[in-house]
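J.: If it helps, the file is called protein-v5.tsv and holds TSV, C-alpha atoms:
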chain	number	residue	atom	x	y	z
A	1	MET	CA	-36.26	143.95	-73.79
A	2	ASN	CA	-37.60	140.95	-71.88
A	3	VAL	CA	-35.74	137.88	-70.66
A	4	VAL	CA	-36.66	134.74	-72.62
A	5	SER	CA	-36.76	131.28	-71.01
A	6	GLU	CA	-35.04	128.12	-72.23
A	7	ASN	CA	-38.42	127.05	-73.64
A	8	ASN	CA	-38.53	130.20	-75.79
A	9	GLU	CA	-41.18	131.79	-73.57
A	10	VAL	CA	-41.19	135.46	-72.69
A	11	PHE	CA	-40.83	136.28	-69.01
A	12	ASN	CA	-42.71	139.31	-67.74
A	13	ALA	CA	-39.34	140.74	-66.72
A	14	SER	CA	-37.91	143.67	-68.65
A	15	VAL	CA	-34.19	144.48	-68.47
A	16	SER	CA	-31.81	146.97	-70.08
A	17	ILE	CA	-28.12	147.08	-70.88
A	18	LYS	CA	-26.27	149.95	-69.22
A	19	LEU	CA	-22.88	151.34	-70.21
A	20	GLU	CA	-20.59	152.17	-67.29
A	21	GLU	CA	-17.05	153.52	-67.33
A	22	ASP	CA	-15.59	150.04	-66.95
A	23	GLY	CA	-17.96	148.20	-69.30
A	24	PHE	CA	-21.53	147.05	-69.76
A	25	GLY	CA	-23.94	145.79	-67.12
A	26	LEU	CA	-27.51	144.52	-66.97
A	27	VAL	CA	-30.23	146.45	-65.14
A	28	MET	CA	-33.07	144.41	-63.59
A	29	GLU	CA	-35.96	145.72	-61.52
A	30	SER	CA	-38.58	144.05	-59.35
A	31	ARG	CA	-42.32	144.20	-59.98
A	32	GLY	CA	-44.07	147.51	-60.46
A	33	GLY	CA	-47.37	148.98	-61.62
A	34	THR	CA	-50.82	148.16	-60.32
A	35	ARG	CA	-50.83	144.69	-58.78
A	36	ASN	CA	-52.67	141.99	-60.75
A	37	SER	CA	-53.30	144.34	-63.66
A	38	VAL	CA	-52.14	144.37	-67.28
A	39	ASN	CA	-49.80	147.20	-66.27
A	40	GLU	CA	-48.07	145.15	-63.59
A	41	ARG	CA	-44.41	144.88	-64.58
A	42	ASN	CA	-41.70	142.32	-63.98
A	43	THR	CA	-43.76	139.75	-62.09
A	44	ASP	CA	-41.28	137.10	-63.30
A	45	TYR	CA	-38.25	139.04	-61.96
A	46	LEU	CA	-37.00	136.15	-59.82
A	47	LEU	CA	-37.38	133.54	-62.55
A	48	ALA	CA	-35.57	135.86	-64.96
A	49	LEU	CA	-32.74	136.48	-62.49
A	50	GLU	CA	-32.21	132.74	-62.10
A	51	THR	CA	-32.11	132.33	-65.88
A	52	ILE	CA	-29.55	135.12	-66.25
A	53	LEU	CA	-27.30	133.61	-63.55
A	54	SER	CA	-27.49	130.18	-65.17
A	55	ARG	CA	-26.52	131.53	-68.59
A	56	LEU	CA	-23.63	133.54	-67.15
A	57	PHE	CA	-22.28	130.36	-65.53
A	58	LEU	CA	-22.56	128.49	-68.84
A	59	LEU	CA	-20.52	131.27	-70.43
A	60	LYS	CA	-17.80	130.41	-67.89
A	61	ILE	CA	-18.19	133.72	-66.05
A	62	LYS	CA	-16.64	132.97	-62.67
A	63	THR	CA	-17.72	136.01	-60.67
A	64	ILE	CA	-20.10	138.93	-60.98
A	65	LYS	CA	-20.73	142.09	-59.02
A	66	VAL	CA	-24.24	143.28	-58.16
A	67	PHE	CA	-25.09	146.87	-57.23
A	68	LEU	CA	-28.29	148.46	-55.94
A	69	LEU	CA	-29.60	150.97	-58.44
A	70	SER	CA	-32.86	152.30	-56.98
A	71	SER	CA	-33.27	156.06	-56.60
A	72	ARG	CA	-33.28	155.65	-52.81
A	73	ALA	CA	-30.05	153.63	-52.87
A	74	LEU	CA	-28.40	156.28	-55.04
A	75	LYS	CA	-29.24	158.91	-52.44
A	76	ILE	CA	-28.06	156.84	-49.47
A	77	TRP	CA	-24.88	155.51	-51.11
A	78	PRO	CA	-23.70	157.95	-53.84
A	79	ALA	CA	-20.51	156.00	-54.51
A	80	MET	CA	-21.01	152.87	-56.63
A	81	GLU	CA	-18.79	150.68	-54.46
A	82	GLU	CA	-20.98	151.52	-51.46
A	83	ARG	CA	-23.99	150.03	-53.24
A	84	ALA	CA	-22.29	146.70	-53.97
A	85	LEU	CA	-23.97	143.61	-52.51
A	86	LYS	CA	-21.88	141.23	-50.46
A	87	ILE	CA	-22.09	137.45	-50.21
A	88	GLU	CA	-19.83	135.78	-47.68
A	89	ASN	CA	-18.36	139.22	-47.01
A	90	SER	CA	-17.17	139.64	-50.61
A	91	THR	CA	-18.48	141.84	-53.42
A	92	ASP	CA	-17.18	139.27	-55.93
A	93	ILE	CA	-20.13	136.90	-56.17
A	94	VAL	CA	-18.98	133.44	-57.24
A	95	LEU	CA	-21.27	131.71	-59.73
A	96	SER	CA	-22.04	128.00	-59.69
A	97	SER	CA	-24.25	125.51	-61.48
A	98	ASP	CA	-26.83	126.00	-58.73
A	99	ALA	CA	-28.33	129.22	-60.09
A	100	LYS	CA	-31.31	128.95	-57.76
A	101	LYS	CA	-29.02	129.06	-54.72
A	102	ILE	CA	-27.05	132.04	-56.05
A	103	LYS	CA	-30.32	133.82	-56.79
A	104	SER	CA	-31.47	133.24	-53.20
A	105	LEU	CA	-28.16	134.54	-51.83
A	106	ILE	CA	-28.49	137.68	-53.97
A	107	CYS	CA	-32.08	138.14	-52.77
A	108	LYS	CA	-30.90	137.87	-49.16
A	109	ALA	CA	-28.05	140.31	-49.79
A	110	GLN	CA	-30.54	142.79	-51.26
A	111	LYS	CA	-32.79	142.40	-48.25
A	112	ASP	CA	-29.88	142.83	-45.84
A	113	LYS	CA	-28.52	145.94	-47.58
A	114	LYS	CA	-29.95	148.71	-45.38
A	115	GLN	CA	-28.79	152.12	-44.22
A	116	ASP	CA	-29.36	150.90	-40.68
A	117	PRO	CA	-28.24	147.24	-40.42
A	118	SER	CA	-30.04	146.88	-37.07
A	119	SER	CA	-33.44	147.63	-38.62
A	120	THR	CA	-35.81	144.78	-39.45
A	121	GLY	CA	-37.46	143.98	-42.79
A	122	GLY	CA	-36.10	144.82	-46.18
A	123	ASN	CA	-36.91	144.26	-49.84
A	124	SER	CA	-35.41	141.19	-51.51
A	125	THR	CA	-36.27	142.35	-55.04
A	126	LYS	CA	-34.87	145.80	-55.67
A	127	LYS	CA	-33.53	147.46	-58.79
A	128	ILE	CA	-30.04	146.09	-59.42
A	129	LEU	CA	-27.13	146.34	-61.84
A	130	ILE	CA	-25.28	143.10	-62.65
A	131	LYS	CA	-21.70	143.61	-63.82
A	132	ALA	CA	-19.64	141.02	-65.72
A	133	ASN	CA	-16.94	141.18	-68.35
A	134	LEU	CA	-19.33	141.05	-71.30
A	135	THR	CA	-19.94	143.17	-74.38
A	136	SER	CA	-23.35	144.66	-75.12
A	137	TYR	CA	-23.98	141.94	-77.73
A	138	GLN	CA	-23.06	139.21	-75.24
A	139	TRP	CA	-25.44	140.64	-72.66
A	140	GLU	CA	-28.19	140.66	-75.27
A	141	SER	CA	-27.49	136.99	-76.00
A	142	VAL	CA	-27.69	136.19	-72.29
A	143	VAL	CA	-31.08	137.91	-72.07
A	144	LEU	CA	-32.64	136.49	-75.22
A	145	GLY	CA	-31.08	133.03	-75.35
A	146	ASP	CA	-31.72	131.56	-78.80
A	147	THR	CA	-34.64	133.83	-79.69
A	148	LYS	CA	-34.42	135.05	-83.27
A	149	ILE	CA	-36.34	137.04	-85.83
A	150	HIS	CA	-36.13	136.61	-89.55
A	151	THR	CA	-35.89	138.98	-92.48
A	152	ILE	CA	-37.90	138.19	-95.57
A	153	SER	CA	-36.48	137.84	-99.06
A	154	GLU	CA	-38.30	139.12	-102.12
A	155	ASP	CA	-38.52	135.55	-103.43
A	156	GLU	CA	-40.82	134.64	-100.55
A	157	LEU	CA	-43.42	137.19	-101.62
A	158	SER	CA	-44.62	134.92	-104.42
A	159	ALA	CA	-44.88	131.88	-102.15
A	160	LYS	CA	-48.26	130.54	-101.10
A	161	ALA	CA	-47.37	130.89	-97.43
A	162	PHE	CA	-44.94	133.09	-95.55
A	163	ASP	CA	-41.97	130.93	-94.53
A	164	PRO	CA	-38.95	132.59	-92.86
A	165	LYS	CA	-36.92	129.36	-92.35
A	166	ASP	CA	-34.34	130.24	-95.02
A	167	ALA	CA	-34.16	133.92	-94.17
A	168	LYS	CA	-31.20	135.59	-92.52
A	169	SER	CA	-31.72	135.65	-88.75
A	170	ALA	CA	-30.66	138.15	-86.12
A	171	LYS	CA	-31.13	138.70	-82.42
A	172	GLU	CA	-34.29	140.56	-81.53
A	173	GLN	CA	-35.16	142.85	-78.67
A	174	ILE	CA	-38.35	141.23	-77.52
A	175	THR	CA	-40.11	144.33	-76.38
A	176	ARG	CA	-40.85	146.84	-79.13
A	177	SER	CA	-42.53	150.22	-79.32
A	178	ILE	CA	-46.23	149.71	-79.95
A	179	SER	CA	-47.58	152.11	-82.53
A	180	ASN	CA	-51.23	153.16	-82.39
A	181	ARG	CA	-52.03	152.14	-85.93
A	182	ARG	CA	-54.30	149.52	-87.46
A	183	GLY	CA	-51.67	148.37	-89.90
A	184	GLN	CA	-51.02	149.23	-93.53
A	185	ALA	CA	-54.31	149.76	-95.35
A	186	THR	CA	-54.02	147.04	-98.00
A	187	PHE	CA	-52.61	144.49	-95.54
A	188	ARG	CA	-55.41	145.18	-93.05
A	189	SER	CA	-58.06	145.13	-95.77
A	190	LYS	CA	-56.98	141.64	-96.85
A	191	LEU	CA	-57.00	140.36	-93.28
A	192	LEU	CA	-60.47	141.82	-92.65
A	193	LYS	CA	-61.71	139.90	-95.69
A	194	ILE	CA	-60.17	136.49	-94.94
A	195	TYR	CA	-61.14	136.65	-91.24
A	196	ASN	CA	-64.68	137.75	-92.12
A	197	GLY	CA	-64.23	140.95	-90.15
A	198	LYS	CA	-63.72	139.13	-86.84
A	199	CYS	CA	-60.90	139.16	-84.30
A	200	ALA	CA	-59.09	135.82	-84.55
A	201	ILE	CA	-59.11	135.44	-80.75
A	202	SER	CA	-62.29	137.07	-79.41
A	203	ALA	CA	-64.46	136.95	-82.57
A	204	THR	CA	-65.24	140.64	-82.03
A	205	ASN	CA	-66.83	141.84	-85.29
A	206	LEU	CA	-66.43	145.60	-84.95
A	207	PRO	CA	-64.02	146.63	-87.75
A	208	PRO	CA	-63.01	150.04	-86.30
A	209	ILE	CA	-61.20	148.31	-83.42
A	210	LEU	CA	-59.68	145.48	-85.44
A	211	GLU	CA	-56.01	145.73	-86.38
A	212	ALA	CA	-53.55	143.92	-88.63
A	213	ALA	CA	-50.99	142.26	-86.33
A	214	HIS	CA	-47.68	141.08	-87.78
A	215	ILE	CA	-46.33	137.73	-86.58
A	216	VAL	CA	-42.75	138.41	-87.65
A	217	PRO	CA	-42.34	142.11	-86.73
A	218	TYR	CA	-42.87	144.69	-89.46
A	219	GLN	CA	-39.70	145.26	-91.49
A	220	GLY	CA	-41.12	146.92	-94.58
A	221	VAL	CA	-43.79	146.13	-97.15
A	222	GLN	CA	-42.37	142.64	-97.73
A	223	THR	CA	-43.63	141.61	-94.29
A	224	ASN	CA	-47.21	142.50	-95.24
A	225	HIS	CA	-47.91	138.96	-96.43
A	226	ILE	CA	-51.32	137.73	-95.27
A	227	THR	CA	-49.83	134.55	-93.77
A	228	ASN	CA	-47.58	136.80	-91.66
A	229	GLY	CA	-50.65	138.50	-90.21
A	230	ILE	CA	-53.50	137.89	-87.78
A	231	LEU	CA	-56.55	140.11	-87.41
A	232	LEU	CA	-56.78	141.14	-83.75
A	233	ARG	CA	-58.83	143.47	-81.59
A	234	ALA	CA	-56.73	146.47	-80.56
A	235	ASP	CA	-56.11	145.30	-76.96
A	236	PHE	CA	-55.16	141.79	-78.11
A	237	HIS	CA	-52.79	143.33	-80.67
A	238	ILE	CA	-50.99	145.25	-77.92
A	239	LEU	CA	-50.74	142.17	-75.69
A	240	PHE	CA	-49.53	140.11	-78.68
A	241	ASP	CA	-46.77	142.63	-79.42
A	242	LEU	CA	-45.80	142.72	-75.74
A	243	GLY	CA	-45.46	138.93	-75.67
A	244	LEU	CA	-48.22	138.57	-73.08
A	245	ILE	CA	-50.49	136.70	-75.49
A	246	GLY	CA	-49.28	134.35	-78.21
A	247	VAL	CA	-50.41	131.68	-80.66
A	248	ASN	CA	-48.69	128.29	-80.71
A	249	LYS	CA	-48.10	125.89	-83.60
A	250	PHE	CA	-51.50	124.28	-82.96
A	251	TYR	CA	-53.21	127.64	-83.45
A	252	LYS	CA	-54.12	127.80	-79.78
A	253	VAL	CA	-53.96	130.98	-77.71
A	254	ILE	CA	-51.32	131.10	-74.96
A	255	VAL	CA	-51.90	133.70	-72.22
A	256	SER	CA	-49.12	134.81	-69.88
A	257	SER	CA	-49.50	133.80	-66.24
A	258	SER	CA	-49.18	137.51	-65.41
A	259	LEU	CA	-52.69	137.90	-66.89
A	260	SER	CA	-54.17	134.98	-64.92
A	261	ASP	CA	-56.36	137.28	-62.82
A	262	THR	CA	-57.71	139.24	-65.78
A	263	GLU	CA	-60.46	138.70	-68.32
A	264	TYR	CA	-57.87	137.50	-70.84
A	265	GLU	CA	-57.19	134.25	-68.93
A	266	GLU	CA	-60.41	132.73	-70.31
A	267	TYR	CA	-58.86	132.71	-73.79
A	268	HIS	CA	-55.90	130.52	-72.73
A	269	GLN	CA	-55.77	127.33	-74.84
A	270	SER	CA	-58.71	128.47	-76.98
A	271	ASP	CA	-58.52	127.96	-80.76
A	272	ILE	CA	-58.12	131.02	-82.96
A	273	LEU	CA	-60.43	131.63	-85.89
A	274	LEU	CA	-58.73	130.59	-89.12
A	275	PRO	CA	-59.31	131.56	-92.76
A	276	LYS	CA	-61.04	128.78	-94.67
A	277	ASN	CA	-58.31	128.75	-97.32
A	278	LYS	CA	-55.28	126.96	-95.80
A	279	ASN	CA	-52.96	129.01	-98.00
A	280	GLU	CA	-54.18	132.11	-96.17
A	281	GLN	CA	-53.77	130.76	-92.64
A	282	PRO	CA	-50.97	132.05	-90.37
A	283	SER	CA	-47.57	130.64	-91.26
A	284	LEU	CA	-46.50	128.00	-88.74
A	285	ALA	CA	-42.86	128.84	-89.38
A	286	ALA	CA	-43.56	132.48	-88.57
A	287	LEU	CA	-45.42	131.49	-85.39
A	288	ARG	CA	-42.55	129.25	-84.30
A	289	SER	CA	-40.17	132.21	-84.69
A	290	ARG	CA	-41.96	134.04	-81.87
A	291	ALA	CA	-41.40	133.31	-78.20
A	292	LEU	CA	-44.54	132.22	-76.35
A	293	PRO	CA	-45.73	133.83	-73.10
A	294	TYR	CA	-44.46	132.25	-69.90
A	295	ARG	CA	-47.08	130.41	-67.85
A	296	GLU	CA	-45.49	129.03	-64.70
A	297	LYS	CA	-44.95	131.37	-61.78
A	298	LYS	CA	-42.68	130.67	-58.82
A	299	ILE	CA	-41.76	132.64	-55.73
A	300	CYS	CA	-38.26	133.06	-54.36
Show me this structure written as structure tokens.
T.:
Amino acid sequence: MNVVSENNEVFNASVSIKLEEDGFGLVMESRGGTRNSVNERNTDYLLALETILSRLFLLKIKTIKVFLLSSRALKIWPAMEERALKIENSTDIVLSSDAKKIKSLICKAQKDKKQDPSSTGGNSTKKILIKANLTSYQWESVVLGDTKIHTISEDELSAKAFDPKDAKSAKEQITRSISNRRGQATFRSKLLKIYNGKCAISATNLPPILEAAHIVPYQGVQTNHITNGILLRADFHILFDLGLIGVNKFYKVIVSSSLSDTEYEEYHQSDILLPKNKNEQPSLAALRSRALPYREKKIC
């Protein structure tokens, strides 16, 4: 799953919850993949780390422990306690309201953690495990903030527009497995018709590569309501599901800053194509339930 900002925007920073003998921890890893490509991972690692530290402080977590978890670190320091980072000569890292400062101290500790302390250089963004006295559910809440998804009741199927505001909500893992399918046949057929066979973002009019994208993630046939769908070209569908491209409440395209050096950047703030019938246009409530891609990028 990906860390979500306070503005309900998805950071390009994937994390996972890891079960250890003494409890749960959060695994974070620095950027990876081909630089400046769609495959580049975790470019917002530092922003995500600062967000995590801030939320832990708000939960009144006084101290955390941070361990290196890279394959190289595991070989050099087999024992977990040997991989613990130290700040002010202590492995108990004290949290404060200044999350940016704590983040910088952790970055420095990562950089300074070397097999040979006298050597120069070092990586300030390695794979780490953050330990705190939290359950798996609490860690998920720290990662996702207030992000929610909604289930759909049968009563909503007869409504003119898909509206999840009264539906039962639950925490969502932002990243999901992307299936190589165009969408259920009837659902896709309806979207092809109301979008005149064109991708809502690029206007591509080649039906074989157009797919039925769900706004609220697929949870059964009840989610195949046309106002819970957007017709997208296959690559845009994948980026939409990954949270790297989104649509805001003004029906404008939002492109993640991690795609700023790609061809997709030109679509940022462009208007999507909309069905002529307002009752067939994407549900604003459904769109608001999705986190938007993160735009601002900062360096530690």
J.: Measuring between only C-alpha atoms, which one of A:Leu49, A:Leu206, A:Ile201, A:Leu95 shows the shortest distance to Gln269 of chain A?
T.: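 Of A:Leu49, A:Leu206, A:Ile201, A:Leu95, the one nearest Gln269 of chain A is A:Ile201, counting only C-alpha atoms.
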J.: So that I can see what lies close to Leu85 of chain A, please list as a PyMOL selection string the residues with an atom at most 6 Å from it, counting all atoms listed in the file and leaving out residues fewer than 2 positions away in the same chain.
T.: chain A and resi 66-67+91+109
J.: Could you tell me how far atom CA of Asp235 of chain A sits from atom CA of Glu265 of chain A, in Å to one decimal place?
T.: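 Answer for the atom CA of Glu265 of chain A to atom CA of Asp235 of chain A separation: 13.7 Å.
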J.: One decimal, in Å: what's the spacing between atom CA of Asn228 of chain A and atom CA of Ser270 of chain A?
T.: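 Rounded to one decimal, the two atoms are 20.2 Å apart.
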J.: To one decimal in Å, tell me the separation between atom CA of Tyr218 of chain A and atom CA of Met1 of chain A.
T.: 17.0 Å
J.: Specify the axis-aligned box that encloses all atoms of segment 187-201 of chain A listed in the file after padding of 4 Å on each side, stating its centre and edge lengths in Å to one decimal as JSON.
T.:
{"center_x": -58.6, "center_y": 140.3, "center_z": -88.8, "size_x": 20.1, "size_y": 17.7, "size_z": 24.1}
J.: Within 9 Å of (-58.0, 148.0, -80.0), in the coordinates the file gives, what residues turn up when you count only C-alpha atoms, written out as number ranges by chain?
T.: A: 180, 182, 208-211, 232-238
